[in-house]
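Asks: If you scroll down you'll find the structure; I have some questions about it.
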Amino acid sequence: LSGSTPTLRRRPALTAMPPLPPPTRPLLPRRLLPLWMAAAVVGALPRWSSHSWAIGDSLGERSLRSSTCRRRIVARRNSAGAEDLSSAGEYLLSLGMRQDQLQKVASRYGRKFNPDVDDSVKPLLQWLTGLGLTDEQSMSAIAMGPGMFRCTIGANLKPHVQWMTGLGMDGSQIAKAIASHSHILTYSLEENLKPKAQLLREPGFTTAE
């Protein structure tokens with residue numbers, strides 16, 4: 001044993017990884033890059049490459065179909081809103097209302113926006129002007145609260161202004177409040193606005209606040 005020489009085991013020679021084929025298509029999407037790299041390491045590149053491209057193509061087509069569908073839905077909504085405005089919308093446009101304000105009117109009105117111009121639109125605009133609102137403020141008020149067209153001026157809208165006056169608000173304050181928060185004119189005085197005003201007085205708020 002002392003004269004024998006130890007036998008060294010030879011390790012198998014490492015085989016070089018075959019070179020990757022030149023890319024024939026654009027780079028993979030970033031989300032598929034880890035799968036492509038893992039497939040290259042285990043030597044399954046040919047099998048995974050075609051599968052990865054199939055997945056990428058499928059996801060791309062699905063995303064394209066989804067975006068196209070969303071654009072069609074938005075286009076239908078816009079075209080429907082333009083049709084629903086009818087003569088009332090055209091009249092408001094002629095007075096200087098912006099297109100984005102008209103879209104708000106159509107979406108907030110809740111149904112086809114077609115109030116009578118002579119019986120509803122013109123009287124409301126005259127009433128708002130009488131309160132001291134400018135033309136721009138009147139258009140903003142209509143955009144914020146198109147439900148005013150469903151209200152009667154004498155029975156529904158004027159009592160709200162009288163209540164604001166009783167709270168101590170002057171004409172300019174009422175005009176600013178209606179221009180920016182005209183939807184409060186459609187709320188119930190007895191069931192909504194007066195109870196809320198009473199709750200604000202209890203912690204110590206003054207009428208002016």
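FYI, nothing fancy with the structure tokens labels: chains A, B, ... in order, residues from 1 per chain, ligands from 1 as they appear.
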Residues near A:Leu133, anyone? I mean within 9 Å using only C-alpha atoms, not counting same-chain ones fewer than 5 positions away, as a PDB file with N, CA, C and O atoms, in the first residue's frame.

Replies:
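New file result17.pdb:
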```pdb
ATOM      1  N   LEU A 128     -81.768  83.535 -12.284  1.00  0.00           N
ATOM      2  CA  LEU A 128     -80.385  83.557 -11.805  1.00  0.00           C
ATOM      3  C   LEU A 128     -79.755  84.928 -12.030  1.00  0.00           C
ATOM      4  O   LEU A 128     -79.021  85.435 -11.171  1.00  0.00           O
ATOM      5  N   SER A 138     -73.907  81.880 -14.081  1.00  0.00           N
ATOM      6  CA  SER A 138     -75.150  81.171 -14.393  1.00  0.00           C
ATOM      7  C   SER A 138     -74.859  79.852 -15.099  1.00  0.00           C
ATOM      8  O   SER A 138     -75.486  78.823 -14.798  1.00  0.00           O
ATOM      9  N   SER A 172     -74.369  89.092  -2.693  1.00  0.00           N
ATOM     10  CA  SER A 172     -73.144  88.575  -3.330  1.00  0.00           C
ATOM     11  C   SER A 172     -72.779  87.199  -2.800  1.00  0.00           C
ATOM     12  O   SER A 172     -72.323  86.329  -3.561  1.00  0.00           O
ATOM     13  N   ALA A 175     -75.134  84.720  -4.426  1.00  0.00           N
ATOM     14  CA  ALA A 175     -74.762  84.494  -5.825  1.00  0.00           C
ATOM     15  C   ALA A 175     -73.556  83.572  -5.927  1.00  0.00           C
ATOM     16  O   ALA A 175     -73.526  82.650  -6.758  1.00  0.00           O
ATOM     17  N   LYS A 176     -72.544  83.758  -5.092  1.00  0.00           N
ATOM     18  CA  LYS A 176     -71.363  82.895  -5.117  1.00  0.00           C
ATOM     19  C   LYS A 176     -71.716  81.472  -4.696  1.00  0.00           C
ATOM     20  O   LYS A 176     -71.210  80.503  -5.268  1.00  0.00           O
ATOM     21  N   ILE A 178     -74.623  79.941  -5.003  1.00  0.00           N
ATOM     22  CA  ILE A 178     -75.391  79.268  -6.054  1.00  0.00           C
ATOM     23  C   ILE A 178     -74.503  78.940  -7.246  1.00  0.00           C
ATOM     24  O   ILE A 178     -74.642  77.883  -7.880  1.00  0.00           O
ATOM     25  N   ALA A 179     -73.557  79.828  -7.572  1.00  0.00           N
ATOM     26  CA  ALA A 179     -72.675  79.580  -8.716  1.00  0.00           C
ATOM     27  C   ALA A 179     -71.807  78.351  -8.504  1.00  0.00           C
ATOM     28  O   ALA A 179     -71.521  77.609  -9.453  1.00  0.00           O
TER      29      ALA A 179
END
```

Asks: So which one's closest to A:Pro146, A:Gly96, A:Gly110, A:Gly132, A:Pro195? Using only C-alpha atoms, please.

Replies: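 Result for the nearest residue to A:Pro146: A:Gly110.
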
Asks: Please determine, counting only C-alpha atoms, which residue among A:Leu95, A:Lys104, A:Gly154, A:Ser182 has the shortest atom-to-atom distance to A:Asp135.

Replies: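 Counting only C-alpha atoms, the residue closest to A:Asp135 is A:Leu95.
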
Asks: Which one is closest to A:Ala106: A:Leu125, A:Met169, A:Leu92, A:Ala143? Count only C-alpha atoms.

Replies: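 Among the listed residues, A:Ala143 lies closest to A:Ala106.
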